[in-house]
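This is entry-v1.cif. It holds mmCIF, C-alpha atoms and all ligand atoms.
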data_model
loop_
_atom_site.group_PDB
_atom_site.id
_atom_site.type_symbol
_atom_site.label_atom_id
_atom_site.label_comp_id
_atom_site.auth_asym_id
_atom_site.auth_seq_id
_atom_site.Cartn_x
_atom_site.Cartn_y
_atom_site.Cartn_z
ATOM 1 C CA MET A 1 103.820 -60.614 -139.829
ATOM 2 C CA ASP A 2 104.575 -63.061 -142.646
ATOM 3 C CA SER A 3 105.962 -66.060 -140.747
ATOM 4 C CA SER A 4 108.239 -66.985 -143.681
ATOM 5 C CA ARG A 5 110.353 -63.920 -142.768
ATOM 6 C CA ILE A 6 111.009 -65.310 -139.279
ATOM 7 C CA SER A 7 113.604 -67.960 -138.544
ATOM 8 C CA ILE A 8 115.485 -69.277 -135.530
ATOM 9 C CA ARG A 9 119.103 -70.374 -135.826
ATOM 10 C CA PRO A 10 122.223 -70.617 -133.634
ATOM 11 C CA PHE A 11 124.049 -67.374 -132.836
ATOM 12 C CA GLU A 12 127.071 -66.362 -134.895
ATOM 13 C CA PHE A 13 129.814 -63.856 -134.082
ATOM 14 C CA SER A 14 128.593 -61.766 -137.026
ATOM 15 C CA ASP A 15 125.349 -61.149 -135.090
ATOM 16 C CA VAL A 16 127.220 -58.960 -132.618
ATOM 17 C CA ASP A 17 126.081 -55.528 -133.824
ATOM 18 C CA ASN A 18 122.450 -56.560 -134.203
ATOM 19 C CA PHE A 19 122.602 -58.359 -130.845
ATOM 20 C CA LEU A 20 123.979 -55.235 -129.135
ATOM 21 C CA LYS A 21 121.069 -53.131 -130.475
ATOM 22 C CA TRP A 22 118.508 -54.905 -128.293
ATOM 23 C CA ALA A 23 120.727 -56.333 -125.549
ATOM 24 C CA SER A 24 121.835 -52.784 -124.629
ATOM 25 C CA ASP A 25 118.223 -51.637 -124.203
ATOM 26 C CA ASP A 26 116.967 -51.625 -120.594
ATOM 27 C CA ARG A 27 113.365 -51.934 -121.808
ATOM 28 C CA VAL A 28 114.252 -55.346 -123.250
ATOM 29 C CA THR A 29 116.436 -56.665 -120.413
ATOM 30 C CA ARG A 30 114.205 -55.348 -117.622
ATOM 31 C CA TYR A 31 112.378 -58.639 -117.195
ATOM 32 C CA LEU A 32 115.313 -60.895 -118.081
ATOM 33 C CA ARG A 33 117.665 -62.452 -115.585
ATOM 34 C CA TRP A 34 120.757 -60.936 -117.120
ATOM 35 C CA ASN A 35 122.274 -57.503 -117.128
ATOM 36 C CA THR A 36 122.035 -55.023 -119.962
ATOM 37 C CA ILE A 37 125.070 -55.324 -122.224
ATOM 38 C CA THR A 38 126.855 -52.035 -122.674
ATOM 39 C CA SER A 39 129.675 -52.520 -125.194
ATOM 40 C CA ARG A 40 130.534 -54.411 -128.379
ATOM 41 C CA GLU A 41 133.300 -56.248 -126.512
ATOM 42 C CA GLU A 42 130.862 -57.401 -123.843
ATOM 43 C CA ALA A 43 128.431 -58.467 -126.558
ATOM 44 C CA LEU A 44 131.139 -60.563 -128.280
ATOM 45 C CA THR A 45 132.074 -62.194 -124.962
ATOM 46 C CA TYR A 46 128.414 -62.965 -124.300
ATOM 47 C CA ILE A 47 128.000 -64.601 -127.715
ATOM 48 C CA GLU A 48 131.196 -66.623 -127.200
ATOM 49 C CA LYS A 49 130.739 -67.659 -123.567
ATOM 50 C CA VAL A 50 126.957 -67.826 -123.154
ATOM 51 C CA ALA A 51 124.988 -67.856 -126.405
ATOM 52 C CA ILE A 52 127.050 -70.344 -128.444
ATOM 53 C CA PRO A 53 127.785 -72.915 -125.671
ATOM 54 C CA HIS A 54 124.174 -72.829 -124.387
ATOM 55 C CA PRO A 55 122.389 -76.198 -124.779
ATOM 56 C CA TRP A 56 119.642 -74.616 -126.902
ATOM 57 C CA ARG A 57 119.729 -70.883 -127.562
ATOM 58 C CA ARG A 58 118.652 -69.513 -130.895
ATOM 59 C CA SER A 59 118.750 -66.114 -132.507
ATOM 60 C CA ILE A 60 115.285 -64.951 -133.580
ATOM 61 C CA CYS A 61 115.834 -63.526 -137.055
ATOM 62 C CA LEU A 62 113.772 -61.327 -139.328
ATOM 63 C CA ASP A 63 114.970 -61.836 -142.922
ATOM 64 C CA ASP A 64 118.011 -63.587 -141.333
ATOM 65 C CA ARG A 65 118.920 -60.487 -139.285
ATOM 66 C CA SER A 66 119.219 -61.198 -135.556
ATOM 67 C CA ILE A 67 116.524 -59.268 -133.631
ATOM 68 C CA GLY A 68 116.213 -61.321 -130.439
ATOM 69 C CA TYR A 69 116.698 -64.685 -128.822
ATOM 70 C CA ILE A 70 114.825 -67.695 -127.582
ATOM 71 C CA SER A 71 116.358 -70.248 -125.267
ATOM 72 C CA ILE A 72 115.239 -73.546 -123.849
ATOM 73 C CA ARG A 73 117.320 -75.000 -121.043
ATOM 74 C CA PRO A 74 116.596 -78.587 -120.009
ATOM 75 C CA GLU A 75 117.296 -79.571 -116.416
ATOM 76 C CA SER A 76 119.582 -82.533 -115.687
ATOM 77 C CA GLY A 77 119.318 -85.883 -113.914
ATOM 78 C CA ASP A 78 115.808 -86.853 -112.810
ATOM 79 C CA ASP A 79 114.642 -83.328 -113.671
ATOM 80 C CA ARG A 80 115.578 -83.684 -117.352
ATOM 81 C CA CYS A 81 111.886 -84.101 -118.240
ATOM 82 C CA ARG A 82 111.452 -80.360 -117.960
ATOM 83 C CA ALA A 83 113.016 -77.270 -119.459
ATOM 84 C CA HIS A 84 112.741 -73.546 -118.952
ATOM 85 C CA VAL A 85 112.016 -71.184 -121.838
ATOM 86 C CA SER A 86 112.895 -67.501 -122.151
ATOM 87 C CA TYR A 87 112.895 -65.001 -125.023
ATOM 88 C CA ALA A 88 113.120 -61.373 -126.085
ATOM 89 C CA VAL A 89 113.088 -59.199 -129.203
ATOM 90 C CA GLY A 90 114.093 -55.578 -129.768
ATOM 91 C CA THR A 91 111.475 -52.921 -129.010
ATOM 92 C CA ASP A 92 111.089 -52.011 -132.720
ATOM 93 C CA TYR A 93 109.575 -55.470 -133.208
ATOM 94 C CA TRP A 94 107.188 -55.714 -130.279
ATOM 95 C CA GLY A 95 103.525 -56.415 -130.924
ATOM 96 C CA GLN A 96 103.957 -57.964 -134.397
ATOM 97 C CA GLY A 97 103.497 -61.573 -133.392
ATOM 98 C CA ILE A 98 107.192 -62.376 -133.830
ATOM 99 C CA VAL A 99 107.899 -64.084 -130.496
ATOM 100 C CA THR A 100 104.677 -66.077 -130.801
ATOM 101 C CA ILE A 101 105.878 -67.400 -134.184
ATOM 102 C CA ALA A 102 109.411 -68.050 -132.865
ATOM 103 C CA LEU A 103 108.130 -69.909 -129.797
ATOM 104 C CA LYS A 104 105.924 -72.161 -131.932
ATOM 105 C CA MET A 105 108.939 -72.908 -134.151
ATOM 106 C CA ALA A 106 111.080 -73.712 -131.113
ATOM 107 C CA LEU A 107 108.491 -76.055 -129.626
ATOM 108 C CA SER A 108 108.017 -77.913 -132.899
ATOM 109 C CA GLY A 109 111.656 -79.098 -132.882
ATOM 110 C CA VAL A 110 112.890 -79.190 -129.318
ATOM 111 C CA PHE A 111 111.048 -82.315 -128.169
ATOM 112 C CA LYS A 112 112.846 -84.295 -130.891
ATOM 113 C CA GLU A 113 116.211 -82.853 -129.892
ATOM 114 C CA PHE A 114 115.686 -83.688 -126.198
ATOM 115 C CA PRO A 115 113.779 -87.005 -126.184
ATOM 116 C CA ASP A 116 113.338 -87.037 -122.364
ATOM 117 C CA LEU A 117 111.580 -83.686 -122.400
ATOM 118 C CA LEU A 118 107.943 -83.768 -121.286
ATOM 119 C CA ARG A 119 107.346 -80.266 -120.038
ATOM 120 C CA ILE A 120 108.436 -76.723 -120.842
ATOM 121 C CA GLU A 121 107.850 -74.028 -118.263
ATOM 122 C CA ALA A 122 108.218 -70.276 -118.072
ATOM 123 C CA LEU A 123 108.402 -67.809 -115.213
ATOM 124 C CA VAL A 124 107.031 -64.369 -115.987
ATOM 125 C CA VAL A 125 106.972 -61.240 -113.856
ATOM 126 C CA VAL A 126 103.342 -60.473 -113.005
ATOM 127 C CA GLU A 127 103.491 -57.045 -114.671
ATOM 128 C CA ASN A 128 104.807 -58.516 -117.937
ATOM 129 C CA LYS A 129 101.421 -58.926 -119.635
ATOM 130 C CA GLY A 130 102.881 -59.151 -123.145
ATOM 131 C CA SER A 131 104.955 -62.221 -122.256
ATOM 132 C CA GLN A 132 102.017 -63.875 -120.485
ATOM 133 C CA ARG A 133 99.890 -63.293 -123.576
ATOM 134 C CA VAL A 134 102.540 -64.901 -125.815
ATOM 135 C CA LEU A 135 102.497 -68.026 -123.649
ATOM 136 C CA GLU A 136 98.707 -68.170 -123.631
ATOM 137 C CA LYS A 137 98.543 -67.814 -127.436
ATOM 138 C CA VAL A 138 100.952 -70.727 -127.825
ATOM 139 C CA GLY A 139 98.931 -72.923 -125.447
ATOM 140 C CA PHE A 140 100.821 -72.703 -122.152
ATOM 141 C CA LEU A 141 98.657 -72.967 -119.032
ATOM 142 C CA LYS A 142 98.926 -70.617 -116.090
ATOM 143 C CA GLU A 143 99.802 -72.759 -113.072
ATOM 144 C CA GLY A 144 100.324 -70.384 -110.222
ATOM 145 C CA LEU A 145 101.748 -67.352 -108.568
ATOM 146 C CA LEU A 146 105.183 -67.611 -106.974
ATOM 147 C CA ARG A 147 105.561 -65.146 -104.141
ATOM 148 C CA LYS A 148 108.980 -63.815 -103.040
ATOM 149 C CA TYR A 149 110.510 -66.108 -105.618
ATOM 150 C CA VAL A 150 113.676 -64.167 -106.520
ATOM 151 C CA LEU A 151 115.618 -61.324 -104.974
ATOM 152 C CA GLY A 152 115.775 -57.863 -106.485
ATOM 153 C CA ALA A 153 113.015 -55.887 -108.129
ATOM 154 C CA ILE A 154 111.435 -58.998 -109.621
ATOM 155 C CA LEU A 155 109.844 -60.613 -106.588
ATOM 156 C CA THR A 156 106.599 -62.139 -107.735
ATOM 157 C CA GLN A 157 106.417 -64.365 -110.779
ATOM 158 C CA ARG A 158 103.754 -66.285 -112.625
ATOM 159 C CA ARG A 159 104.510 -69.876 -113.402
ATOM 160 C CA PHE A 160 103.346 -71.260 -116.771
HETATM 161 C C1 LIG A 201 107.228 -59.859 -124.113
HETATM 162 C C2 LIG A 201 107.742 -59.984 -125.538
HETATM 163 C C3 LIG A 201 108.646 -61.181 -125.632
HETATM 164 C C4 LIG A 201 106.554 -60.165 -126.481
HETATM 165 O O1 LIG A 201 107.034 -60.357 -127.797
HETATM 166 P P1 LIG A 201 106.157 -59.915 -129.064
HETATM 167 O O2 LIG A 201 106.825 -60.388 -130.308
HETATM 168 O O3 LIG A 201 105.871 -58.461 -128.953
HETATM 169 O O4 LIG A 201 104.831 -60.750 -128.783
HETATM 170 P P2 LIG A 201 103.597 -60.981 -129.755
HETATM 171 O O5 LIG A 201 103.446 -59.790 -130.675
HETATM 172 O O6 LIG A 201 103.776 -62.315 -130.361
HETATM 173 O O7 LIG A 201 102.403 -61.035 -128.715
HETATM 174 C C5 LIG A 201 102.267 -60.053 -127.695
HETATM 175 C C6 LIG A 201 100.846 -60.098 -127.168
HETATM 176 O O8 LIG A 201 100.812 -59.429 -125.911
HETATM 177 C C7 LIG A 201 99.870 -58.384 -125.966
HETATM 178 N N1 LIG A 201 100.357 -57.334 -125.095
HETATM 179 C C8 LIG A 201 101.508 -56.632 -125.204
HETATM 180 N N2 LIG A 201 101.616 -55.769 -124.179
HETATM 181 C C9 LIG A 201 100.535 -55.964 -123.389
HETATM 182 C C10 LIG A 201 100.075 -55.366 -122.174
HETATM 183 N N3 LIG A 201 100.774 -54.409 -121.568
HETATM 184 N N4 LIG A 201 98.908 -55.814 -121.652
HETATM 185 C C11 LIG A 201 98.197 -56.781 -122.259
HETATM 186 N N5 LIG A 201 98.596 -57.397 -123.421
HETATM 187 C C12 LIG A 201 99.747 -56.975 -123.977
HETATM 188 C C13 LIG A 201 99.812 -57.988 -127.428
HETATM 189 O O9 LIG A 201 98.620 -57.296 -127.732
HETATM 190 C C14 LIG A 201 99.861 -59.392 -128.067
HETATM 191 O O10 LIG A 201 98.627 -60.084 -127.926
HETATM 192 P P3 LIG A 201 97.565 -60.196 -129.133
HETATM 193 O O11 LIG A 201 98.261 -60.881 -130.266
HETATM 194 O O12 LIG A 201 96.457 -60.977 -128.540
HETATM 195 O O13 LIG A 201 97.186 -58.771 -129.481
HETATM 196 C C15 LIG A 201 108.526 -58.706 -125.966
HETATM 197 O O14 LIG A 201 107.760 -57.581 -125.609
HETATM 198 C C16 LIG A 201 109.887 -58.587 -125.298
HETATM 199 O O15 LIG A 201 110.890 -58.969 -125.864
HETATM 200 N N6 LIG A 201 109.916 -58.015 -124.092
HETATM 201 C C17 LIG A 201 111.167 -57.845 -123.326
HETATM 202 C C18 LIG A 201 111.747 -59.171 -122.847
HETATM 203 C C19 LIG A 201 110.757 -60.008 -122.059
HETATM 204 O O16 LIG A 201 109.940 -59.480 -121.317
HETATM 205 N N7 LIG A 201 110.877 -61.331 -122.227
HETATM 206 C C20 LIG A 201 110.038 -62.279 -121.531
HETATM 207 C C21 LIG A 201 110.562 -62.575 -120.164
HETATM 208 S S1 LIG A 201 109.496 -63.712 -119.335
#

Translate this file's structure into structure tokens.
Amino acid sequence: MDSSRISIRPFEFSDVDNFLKWASDDRVTRYLRWNTITSREEALTYIEKVAIPHPWRRSICLDDRSIGYISIRPESGDDRCRAHVSYAVGTDYWGQGIVTIALKMALSGVFKEFPDLLRIEALVVVENKGSQRVLEKVGFLKEGLLRKYVLGAILTQRRF
């Protein structure tokens, strides 16, 4: 993948149809902590109420077309030195290095935007080898295995 085709930028309402393409796909949302979005109306509400007000959520774009997201959420108070990262792209784009490029772009700017930030962490379901590989390629270190960490199907998570 030519990295000049990839960009990250804030979500816009005009992303709604492209957003719905991947956000309505259970294969994409399976490992995310939010439900699959099933209608255009729901997608618009999500962009308005979640994506745009989020402290740092970007649309991952290929040739400026929204194909996924990356978000970094800093904690508050004495925990503001750390933030949690999550990401996804549509299945048509898996395995092309796109999230690896987007994550590197995100990391290059976010420490300037949040000056107290010292650490970015990710929690990944053990079976999600692709996501673990992305983190390893970008330089994240595997720190441990969190047992019985969340309810539902996703019980065991790796901490990076
Ligand atoms: C996981 C995900 C983000 C990866 O994005 P991507 O753009 O395909 O990632 P990249 O192409 O940059 O890198 C994927 C790497 O994982 C590897 N990989 C993918 N599936 C794998 C598997 N089942 N086992 C081992 N490695 C795997 C790829 O070979 C590649 O490594 P390589 O470059 O060394 O060959 C994408 O599949 C996705 O959106 N999944 C659904 C949402 C999700 O799981 N988000 C993360 C929640 S923690």

Open item on the list: For this structure, which residues satisfy the selection - the PyMOL selection byres (((not hetatm)) within 10 of (chain A and resi 201)) - when it is evaluated on the file as given? I want them as number ranges by chain.
Closed with: A: 1, 22-23, 25-33, 67-70, 85-103, 122-138, 157-159

Task: Nearest residue to Trp34 in chain A from the set A:Arg57, A:Ser108, A:Leu145, A:Val50 (distances using only C-alpha atoms) - done: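 Among the listed residues, A:Val50 lies closest to Trp34 in chain A.
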
- [ ] Find the distance between CA of Ile6 in chain A and CA of Leu117 in chain A and write it in Å to one decimal.
- [x]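 Separation between CA of Ile6 in chain A and CA of Leu117 in chain A: 25.0 Å.
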
Draw an axis-aligned box tight on the listed atoms of range 109-118 of chain A, then pad every side by 5 Å and write out centre and edge lengths in Å to one decimal as AutoDock Vina command-line options.
--center_x 112.1 --center_y -83.1 --center_z -127.1 --size_x 18.3 --size_y 17.9 --size_z 21.6

- [ ] Measure the distance from CA of Glu113 in chain A to CA of Trp56 in chain A in Å and round it to one decimal.
- [x] 9.4 Å

Open item on the list: Just checking: using all atoms listed in the file, which residue out of A:Lys112, A:Ser66, A:Arg147, A:Leu141 ends up closest to Arg5 in chain A?
Closed with: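 Closest candidate: A:Ser66.
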
TODO: Run the PyMOL selection byres (((chain A and resi 37) around 8) and not hetatm) mentally over the shown coordinates, then write out the matched residues as a VMD selection string, using the chain letters and numbers from the document.
DONE: chain A and resid 20 23 to 24 35 to 36 38 to 39 42 to 43

Task: Distance query 12 Å from (117.2, -80.3, -131.2) using all atoms listed in the file, result as a list in words - done: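 Output: Ile8, Arg9, Pro10, Pro55, Trp56, Arg57, Arg58, Ser71, Ile72, Arg73, Pro74, Met105, Ala106, Leu107, Ser108, Gly109, Val110, Phe111, Lys112, Glu113, Phe114, Pro115, Asp116 and Leu117 of chain A.
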
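Proximity to Lys49 in chain A was assessed for A:Ser7, A:Tyr149, A:Leu118, A:Phe13 counting only C-alpha atoms; the smallest distance is recorded for A:Phe13.
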
Open item on the list: List the spatial neighbours of Glu12 in chain A as a ChimeraX atom specification - criterion: any atom at most 9 Å away, all atoms listed in the file, same-chain residues fewer than 5 positions off excluded.
Closed with: /A:47-48,51-52,59

Open item on the list: So, with only C-alpha atoms as the atoms that count, which of A:Glu143, A:Ile120, A:Arg82, A:Phe19 lies closest to Thr45 in chain A?
Closed with: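 Of A:Glu143, A:Ile120, A:Arg82, A:Phe19, the one nearest Thr45 in chain A is A:Phe19, counting only C-alpha atoms.
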